[in-house]
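**Student:** Next up is a structure, given as structure tokens.
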Amino acid sequence: MDDWYVDDRCTNCDVARQLAPELISEVGGRSEVVRQPRDEAEARRLHAAVFACPTRSIRPASGQPDRALDPFPMALDDGVLICGHNSQHTAGANSYLLPRPSGTAMMIDTPRWSRELAGRYAASGPVTDVLLTHRDHAAHGRRYADHFGARLWIHEGDLDAAPDADQVIRGLEPVEIGPGVTAHPLPGHTVGSVLYLADDRYCFSGDSVYWSRALGDLAVAESVTWHSIEELAVSLARVAGRLRFEWILPGHGDRCHLDADEMSRRLRALAERTGLLRPRPIDFTAVRW
């Protein structure tokens, strides 16, 4: 097997560590390959990290990674896929594909733009909607929507990041995107942040809520809350009692699957903890991945 390493372009975005945590760890404020893969299963997880990394920083000593081992889009379970190929223009955010019973799909946030990748994402069915969780992830939304012939969605609070959006979510009340899929405005991280819930199973949370491996729990990235941590606390308190889901699927930070009752309990507890937080300076290094 090749000797794999992380080059000095790494921005410590955590994407690779989500996909191959036993092989890639944070060392000195950046990702580092701490162990080479020992078997085929570990090699597959490493290649997922390789082809998700937004800076393409995970490399074999022998040269280029094998494109035939690119796993994306990759199923997380039987109802959702992760797109991989994270973009530097969205700070390395994760994006997802949500297949629908009609044979169509929705894309939540976007990977880097590529016509070849767009073909892959639409291979199992037409993509009808591109759902932006907030302004930070809007970079490729219009291009993907136009390629797919899809509707581009964003909240009015972040509309200046996608002023040509086809559908604008307004106010604080839930909005139906399609059967089984609703948008829940959640101002805090930005003015126009939104959660998208699907089938009482999946919560696409953007940068509002994530699963912290360090804490072993749901968390908010208080040190990179651009708009208002206090407003985020109010938003979480408003929705915590009414949302039910099993998967937390964030833009940044790890994913987690739990029983819906347990996830609801943890979301209510997070709302209470967030209510105790106060504004602090922006500090990317303080995020507890």
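Each chain of the structure tokens is named A, B, ... in the order shown, its residues numbered from 1; ligands are numbered from 1 in display order.
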Please identify all polymer residues within 10 Å of A:Pro101, counting only C-alpha atoms, omitting same-chain residues fewer than 2 positions from it, and present them as a list of chain:residue names.
**Tutor:** A:Gly79, A:Leu98, A:Pro99, A:Gly103, A:Thr104, A:Ala105, A:Pro179, A:Gly180
**Student:** Can you tell me which residues surround A:Leu197 at a distance of at most 6 Å, considering only C-alpha atoms, apart from same-chain residues fewer than 5 positions away, and format the answer as a count of residues only?
**Tutor:** 4
**Student:** My list of candidates is A:Glu173, A:Glu32, A:Asp200, A:Asp166. Which is closest to A:Asp8 when distances are computed with only C-alpha atoms?
**Tutor:** A:Glu32
**Student:** Show which residues sit within 9 Å of stretch 45-60 of chain A, as an MDAnalysis selection string. Count only C-alpha atoms, and ignore same-chain residues fewer than 4 positions away.
**Tutor:** chainID A and resid 2:11 13:21 23:24 32:33 36:37 40:41 64:67 69:72 74 83:89 91:94 111:112
**Student:** Write the residues of the selection above to a file with N, CA and C atoms, as a compact mmCIF listing (two decimals), in the first residue's frame.
**Tutor:**
```
# COMPACT_ATOMS: atom_id res chain seq x y z
N ASP A 2 0.30 2.34 -0.55
CA ASP A 2 0.99 3.61 -0.56
C ASP A 2 1.18 4.16 0.85
N ASP A 3 2.18 5.02 1.00
CA ASP A 3 2.29 5.84 2.20
C ASP A 3 1.51 7.12 1.95
N TRP A 4 0.44 7.32 2.71
CA TRP A 4 -0.41 8.49 2.56
C TRP A 4 0.00 9.58 3.53
N TYR A 5 -0.19 10.82 3.13
CA TYR A 5 0.14 11.96 3.98
C TYR A 5 -0.81 13.11 3.67
N VAL A 6 -0.82 14.12 4.53
CA VAL A 6 -1.61 15.34 4.33
C VAL A 6 -0.65 16.47 4.05
N ASP A 7 -0.86 17.17 2.93
CA ASP A 7 0.09 18.24 2.58
C ASP A 7 -0.26 19.54 3.31
N ASP A 8 0.54 20.57 3.08
CA ASP A 8 0.43 21.78 3.89
C ASP A 8 -0.69 22.72 3.44
N ARG A 9 -1.53 22.29 2.51
CA ARG A 9 -2.69 23.10 2.14
C ARG A 9 -3.87 22.88 3.08
N CYS A 10 -3.77 21.91 3.97
CA CYS A 10 -4.86 21.56 4.89
C CYS A 10 -5.34 22.80 5.65
N THR A 11 -6.67 22.97 5.71
CA THR A 11 -7.26 24.09 6.45
C THR A 11 -7.92 23.65 7.75
N CYS A 13 -10.42 21.57 8.29
CA CYS A 13 -11.88 21.68 8.18
C CYS A 13 -12.61 20.50 8.81
N ASP A 14 -11.92 19.42 9.13
CA ASP A 14 -12.47 18.24 9.81
C ASP A 14 -13.14 17.24 8.88
N VAL A 15 -13.29 17.54 7.61
CA VAL A 15 -14.01 16.64 6.69
C VAL A 15 -13.38 15.26 6.67
N ALA A 16 -12.07 15.18 6.50
CA ALA A 16 -11.39 13.89 6.41
C ALA A 16 -11.52 13.10 7.70
N ARG A 17 -11.48 13.78 8.82
CA ARG A 17 -11.56 13.10 10.12
C ARG A 17 -12.95 12.51 10.37
N GLN A 18 -13.97 13.10 9.75
CA GLN A 18 -15.31 12.52 9.84
C GLN A 18 -15.39 11.18 9.12
N LEU A 19 -14.67 11.06 8.01
CA LEU A 19 -14.80 9.91 7.13
C LEU A 19 -13.82 8.78 7.46
N ALA A 20 -12.69 9.12 8.02
CA ALA A 20 -11.69 8.10 8.37
C ALA A 20 -11.06 8.44 9.71
N PRO A 21 -11.86 8.46 10.79
CA PRO A 21 -11.35 8.95 12.08
C PRO A 21 -10.26 8.08 12.69
N LEU A 23 -7.85 6.79 11.00
CA LEU A 23 -6.64 6.97 10.20
C LEU A 23 -6.14 8.41 10.20
N ILE A 24 -7.05 9.36 10.36
CA ILE A 24 -6.71 10.78 10.24
C ILE A 24 -7.16 11.49 11.50
N GLU A 32 -3.74 15.06 10.06
CA GLU A 32 -2.53 14.29 9.78
C GLU A 32 -2.90 12.81 9.70
N VAL A 33 -2.30 12.11 8.74
CA VAL A 33 -2.48 10.66 8.67
C VAL A 33 -1.67 10.05 9.79
N GLN A 36 -1.53 4.19 8.52
CA GLN A 36 -1.85 3.77 7.17
C GLN A 36 -2.97 2.73 7.20
N PRO A 37 -3.81 2.64 6.15
CA PRO A 37 -4.88 1.63 6.14
C PRO A 37 -4.32 0.21 6.16
N GLU A 40 -8.87 -3.57 3.19
CA GLU A 40 -9.65 -2.95 2.12
C GLU A 40 -10.70 -1.99 2.66
N ALA A 41 -11.33 -2.35 3.77
CA ALA A 41 -12.36 -1.48 4.34
C ALA A 41 -11.76 -0.14 4.77
N GLN A 64 -0.79 10.44 -7.67
CA GLN A 64 -2.19 10.80 -7.61
C GLN A 64 -3.05 9.66 -7.07
N PRO A 65 -4.12 9.98 -6.34
CA PRO A 65 -5.04 8.93 -5.92
C PRO A 65 -5.78 8.34 -7.13
N ASP A 66 -6.25 7.13 -6.98
CA ASP A 66 -6.93 6.43 -8.06
C ASP A 66 -8.38 6.91 -8.14
N ARG A 67 -8.74 7.61 -9.21
CA ARG A 67 -10.08 8.16 -9.36
C ARG A 67 -11.15 7.06 -9.40
N LEU A 69 -11.51 4.84 -7.37
CA LEU A 69 -11.89 4.55 -5.98
C LEU A 69 -12.69 5.67 -5.33
N ASP A 70 -13.07 6.68 -6.12
CA ASP A 70 -13.92 7.76 -5.64
C ASP A 70 -15.32 7.19 -5.35
N PRO A 71 -15.80 7.22 -4.09
CA PRO A 71 -17.07 6.56 -3.76
C PRO A 71 -18.31 7.43 -3.89
N PHE A 72 -18.16 8.69 -4.28
CA PHE A 72 -19.28 9.63 -4.17
C PHE A 72 -20.10 9.73 -5.45
N MET A 74 -22.13 8.85 -1.89
CA MET A 74 -21.99 7.68 -1.05
C MET A 74 -23.16 7.60 -0.06
N CYS A 83 -22.54 13.89 -0.73
CA CYS A 83 -22.02 14.19 -2.06
C CYS A 83 -20.50 14.11 -2.16
N GLY A 84 -19.77 14.37 -1.04
CA GLY A 84 -18.32 14.45 -1.13
C GLY A 84 -17.89 15.65 -1.97
N HIS A 85 -16.63 15.65 -2.38
CA HIS A 85 -16.09 16.72 -3.24
C HIS A 85 -16.41 18.10 -2.67
N ASN A 86 -16.14 18.26 -1.38
CA ASN A 86 -16.43 19.51 -0.70
C ASN A 86 -15.66 20.66 -1.32
N SER A 87 -16.26 21.84 -1.29
CA SER A 87 -15.71 23.00 -2.00
C SER A 87 -15.01 23.97 -1.06
N GLN A 88 -13.90 24.49 -1.51
CA GLN A 88 -13.23 25.56 -0.76
C GLN A 88 -14.11 26.80 -0.67
N HIS A 89 -15.00 26.98 -1.66
CA HIS A 89 -15.84 28.19 -1.69
C HIS A 89 -17.00 28.13 -0.71
N ALA A 91 -16.21 26.81 2.42
CA ALA A 91 -15.40 26.49 3.60
C ALA A 91 -15.37 24.99 3.87
N GLY A 92 -15.48 24.19 2.81
CA GLY A 92 -15.40 22.75 2.95
C GLY A 92 -16.65 22.10 3.48
N ALA A 93 -17.81 22.73 3.28
CA ALA A 93 -19.06 22.20 3.84
C ALA A 93 -19.48 20.89 3.18
N ASN A 94 -20.09 20.01 3.98
CA ASN A 94 -20.71 18.81 3.45
C ASN A 94 -22.00 19.16 2.73
N PRO A 111 -21.71 20.58 -3.35
CA PRO A 111 -20.27 20.28 -3.45
C PRO A 111 -19.62 21.26 -4.43
N ARG A 112 -18.33 21.07 -4.69
CA ARG A 112 -17.68 21.91 -5.69
C ARG A 112 -18.36 21.69 -7.04
```
**Student:** Please identify all polymer residues within 7 Å of A:Ile108, counting only C-alpha atoms, omitting same-chain residues fewer than 5 positions from it, and present them as a list of chain:residue names.
**Tutor:**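 Within the cut-off, the hits are A:Ser95, A:Tyr96, A:Leu97, A:Val130, A:Leu131, A:Leu132.
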**Student:** Please dump the current selection as a short mmCIF file (atom, residue, chain, number, x, y, z; two decimals), in the first residue's frame; keep all heavy atoms.
**Tutor:**
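Writing done, so here's selection-v4.cif:
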```cif
data_model
loop_
_atom_site.label_atom_id
_atom_site.label_comp_id
_atom_site.auth_asym_id
_atom_site.auth_seq_id
_atom_site.Cartn_x
_atom_site.Cartn_y
_atom_site.Cartn_z
N SER A 95 -22.32 18.36 1.72
CA SER A 95 -23.61 18.49 1.03
C SER A 95 -24.19 17.10 0.86
O SER A 95 -23.47 16.08 0.93
CB SER A 95 -23.44 19.19 -0.32
OG SER A 95 -22.54 18.48 -1.15
N TYR A 96 -25.49 17.05 0.62
CA TYR A 96 -26.22 15.79 0.67
C TYR A 96 -27.21 15.67 -0.48
O TYR A 96 -27.70 16.68 -1.01
CB TYR A 96 -26.99 15.68 2.00
CG TYR A 96 -26.12 15.84 3.22
CD1 TYR A 96 -25.91 17.09 3.79
CD2 TYR A 96 -25.48 14.74 3.78
CE1 TYR A 96 -25.10 17.24 4.91
CE2 TYR A 96 -24.67 14.88 4.91
CZ TYR A 96 -24.48 16.13 5.47
OH TYR A 96 -23.68 16.27 6.57
N LEU A 97 -27.54 14.43 -0.84
CA LEU A 97 -28.60 14.12 -1.78
C LEU A 97 -29.71 13.38 -1.04
O LEU A 97 -29.44 12.42 -0.33
CB LEU A 97 -28.09 13.24 -2.92
CG LEU A 97 -27.39 13.92 -4.09
CD1 LEU A 97 -26.91 12.86 -5.07
CD2 LEU A 97 -28.31 14.92 -4.80
N VAL A 130 -32.59 22.51 -5.10
CA VAL A 130 -31.32 22.72 -4.41
C VAL A 130 -31.63 23.61 -3.22
O VAL A 130 -32.07 24.76 -3.37
CB VAL A 130 -30.28 23.38 -5.34
CG1 VAL A 130 -28.99 23.68 -4.57
CG2 VAL A 130 -29.99 22.47 -6.54
N LEU A 131 -31.45 23.07 -2.02
CA LEU A 131 -31.84 23.73 -0.78
C LEU A 131 -30.60 24.28 -0.08
O LEU A 131 -29.73 23.52 0.34
CB LEU A 131 -32.56 22.73 0.14
CG LEU A 131 -33.65 21.87 -0.49
CD1 LEU A 131 -34.25 20.94 0.56
CD2 LEU A 131 -34.72 22.72 -1.13
N LEU A 132 -30.52 25.58 0.04
CA LEU A 132 -29.39 26.21 0.71
C LEU A 132 -29.75 26.45 2.17
O LEU A 132 -30.79 27.04 2.48
CB LEU A 132 -29.03 27.54 0.04
CG LEU A 132 -28.62 27.44 -1.43
CD1 LEU A 132 -28.36 28.83 -2.00
CD2 LEU A 132 -27.38 26.56 -1.61
#
```
**Student:** Could you name the residues that touch A:Glu156 at 10 Å or less, counting only C-alpha atoms, but leaving out those on the same chain fewer than 6 positions away, as a ChimeraX atom specification?
**Tutor:** /A:134,162-163,165,167-171,185,191-193
**Student:** Find the residue from A:Asp146, A:Glu231, A:Asp160, A:Met106 that sits nearest to A:Val80; use only C-alpha atoms when measuring.
**Tutor:**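 Selected residue with least distance to A:Val80: A:Met106.
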**Student:** If I take atom CA of A:Trp211 and atom CA of A:Arg255, how far is one from the other in Å, to one decimal?
**Tutor:**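 Going from atom CA of A:Trp211 over to atom CA of A:Arg255 covers 5.6 Å.
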**Student:** For the helix (DSSP H, G or I) assignment from backbone DSSP, which residues of stretch 9-44 of chain A qualify? Please present them as a list of chain:residue names.
**Tutor:** A:Val15, A:Ala16, A:Arg17, A:Gln18, A:Leu19, A:Glu40, A:Ala41, A:Glu42, A:Ala43, A:Arg44
**Student:** Can you tell me which residues surround stretch 241-252 of chain A at a distance of at most 7 Å, considering only C-alpha atoms, apart from same-chain residues fewer than 2 positions away, and format the answer as a short mmCIF file (atom, residue, chain, number, x, y, z; two decimals) with N, CA, C and O atoms, in the first residue's frame?
**Tutor:**
```cif
data_model
loop_
_atom_site.label_atom_id
_atom_site.label_comp_id
_atom_site.auth_asym_id
_atom_site.auth_seq_id
_atom_site.Cartn_x
_atom_site.Cartn_y
_atom_site.Cartn_z
N ALA A 93 -17.81 22.73 3.28
CA ALA A 93 -19.06 22.20 3.84
C ALA A 93 -19.48 20.89 3.18
O ALA A 93 -19.28 20.68 1.98
N ASN A 94 -20.09 20.01 3.98
CA ASN A 94 -20.71 18.81 3.45
C ASN A 94 -22.00 19.16 2.73
O ASN A 94 -22.71 20.10 3.10
N SER A 95 -22.32 18.36 1.72
CA SER A 95 -23.61 18.49 1.03
C SER A 95 -24.19 17.10 0.86
O SER A 95 -23.47 16.08 0.93
N ASP A 200 -39.36 12.95 8.99
CA ASP A 200 -39.17 12.77 10.44
C ASP A 200 -37.94 11.90 10.72
O ASP A 200 -37.87 11.22 11.75
N ARG A 201 -36.98 11.97 9.82
CA ARG A 201 -35.80 11.11 9.95
C ARG A 201 -34.49 11.89 9.82
O ARG A 201 -33.55 11.63 10.56
N TYR A 202 -34.46 12.82 8.89
CA TYR A 202 -33.21 13.53 8.59
C TYR A 202 -33.34 15.01 8.91
O TYR A 202 -34.31 15.66 8.52
N CYS A 203 -32.35 15.56 9.59
CA CYS A 203 -32.26 16.99 9.83
C CYS A 203 -30.98 17.52 9.21
O CYS A 203 -29.88 17.21 9.67
N PHE A 204 -31.14 18.28 8.13
CA PHE A 204 -30.00 18.92 7.47
C PHE A 204 -29.83 20.29 8.12
O PHE A 204 -30.63 21.21 7.89
N SER A 205 -28.81 20.42 8.94
CA SER A 205 -28.75 21.53 9.90
C SER A 205 -27.80 22.65 9.51
O SER A 205 -27.63 23.60 10.29
N GLY A 206 -27.19 22.59 8.32
CA GLY A 206 -26.27 23.65 7.94
C GLY A 206 -25.17 23.83 8.97
O GLY A 206 -24.54 22.86 9.39
N ASP A 207 -24.98 25.06 9.41
CA ASP A 207 -23.96 25.34 10.42
C ASP A 207 -24.58 25.67 11.78
O ASP A 207 -23.91 26.19 12.66
N VAL A 209 -26.32 23.43 13.98
CA VAL A 209 -26.16 22.36 14.97
C VAL A 209 -25.33 21.25 14.34
O VAL A 209 -25.49 20.96 13.15
N TYR A 210 -24.45 20.63 15.11
CA TYR A 210 -23.66 19.51 14.60
C TYR A 210 -23.41 18.52 15.72
O TYR A 210 -23.70 18.78 16.89
N VAL A 239 -37.90 25.62 18.40
CA VAL A 239 -38.15 24.42 17.58
C VAL A 239 -37.89 23.11 18.32
O VAL A 239 -38.33 22.05 17.86
N ASP A 254 -19.52 16.68 12.66
CA ASP A 254 -19.82 15.29 12.35
C ASP A 254 -21.32 15.03 12.29
O ASP A 254 -22.15 15.83 12.73
N ARG A 255 -21.65 13.86 11.71
CA ARG A 255 -23.02 13.37 11.62
C ARG A 255 -23.27 12.37 12.74
O ARG A 255 -22.34 11.79 13.28
N CYS A 256 -24.56 12.14 13.04
CA CYS A 256 -24.88 11.13 14.04
C CYS A 256 -26.29 10.60 13.79
O CYS A 256 -27.18 11.36 13.37
N HIS A 257 -26.48 9.32 14.10
CA HIS A 257 -27.78 8.66 14.00
C HIS A 257 -28.16 8.13 15.37
O HIS A 257 -27.42 7.34 15.95
N LEU A 258 -29.29 8.58 15.88
CA LEU A 258 -29.80 8.13 17.18
C LEU A 258 -31.30 7.88 17.08
O LEU A 258 -31.96 8.37 16.15
N ASP A 259 -31.84 7.17 18.03
CA ASP A 259 -33.28 7.04 18.17
C ASP A 259 -33.91 8.43 18.26
O ASP A 259 -33.36 9.34 18.87
N ALA A 260 -35.09 8.61 17.64
CA ALA A 260 -35.71 9.93 17.58
C ALA A 260 -35.98 10.51 18.97
O ALA A 260 -35.82 11.72 19.19
N MET A 263 -32.68 11.75 20.28
CA MET A 263 -32.26 12.95 19.59
C MET A 263 -33.07 14.15 20.07
O MET A 263 -32.52 15.26 20.27
N SER A 264 -34.37 13.96 20.30
CA SER A 264 -35.21 15.05 20.80
C SER A 264 -34.75 15.50 22.19
O SER A 264 -34.70 16.70 22.48
N ARG A 268 -33.33 19.33 23.05
CA ARG A 268 -33.87 20.19 24.12
C ARG A 268 -32.76 20.59 25.08
O ARG A 268 -32.69 21.76 25.52
#
```
**Student:** Using only C-alpha atoms, which residues sit within 10 Å of A:Ser212 once same-chain residues fewer than 6 positions away are excluded, as a list in words?
**Tutor:** Leu218, Ala219, Val220, Ala221, Gly253, Asp254, Arg255, Cys256, Val287, Arg288 and Trp289 of chain A
**Student:** Do you have the atom CA of A:Leu76-atom CA of A:Glu42 distance handy?
**Tutor:**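 The value is 16.4 Å.
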**Student:** Any idea what the distance is between atom CA of A:Val27 and atom CA of A:Asp283?
**Tutor:**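 Going from atom CA of A:Val27 over to atom CA of A:Asp283 covers 18.0 Å.
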**Student:** Between A:Leu159, A:Ile177, A:Leu215, A:Ala237, which is the closest to A:Thr128 once you count only C-alpha atoms?
**Tutor:**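 When distances to A:Thr128 are compared using only C-alpha atoms, the smallest one comes from A:Ile177.
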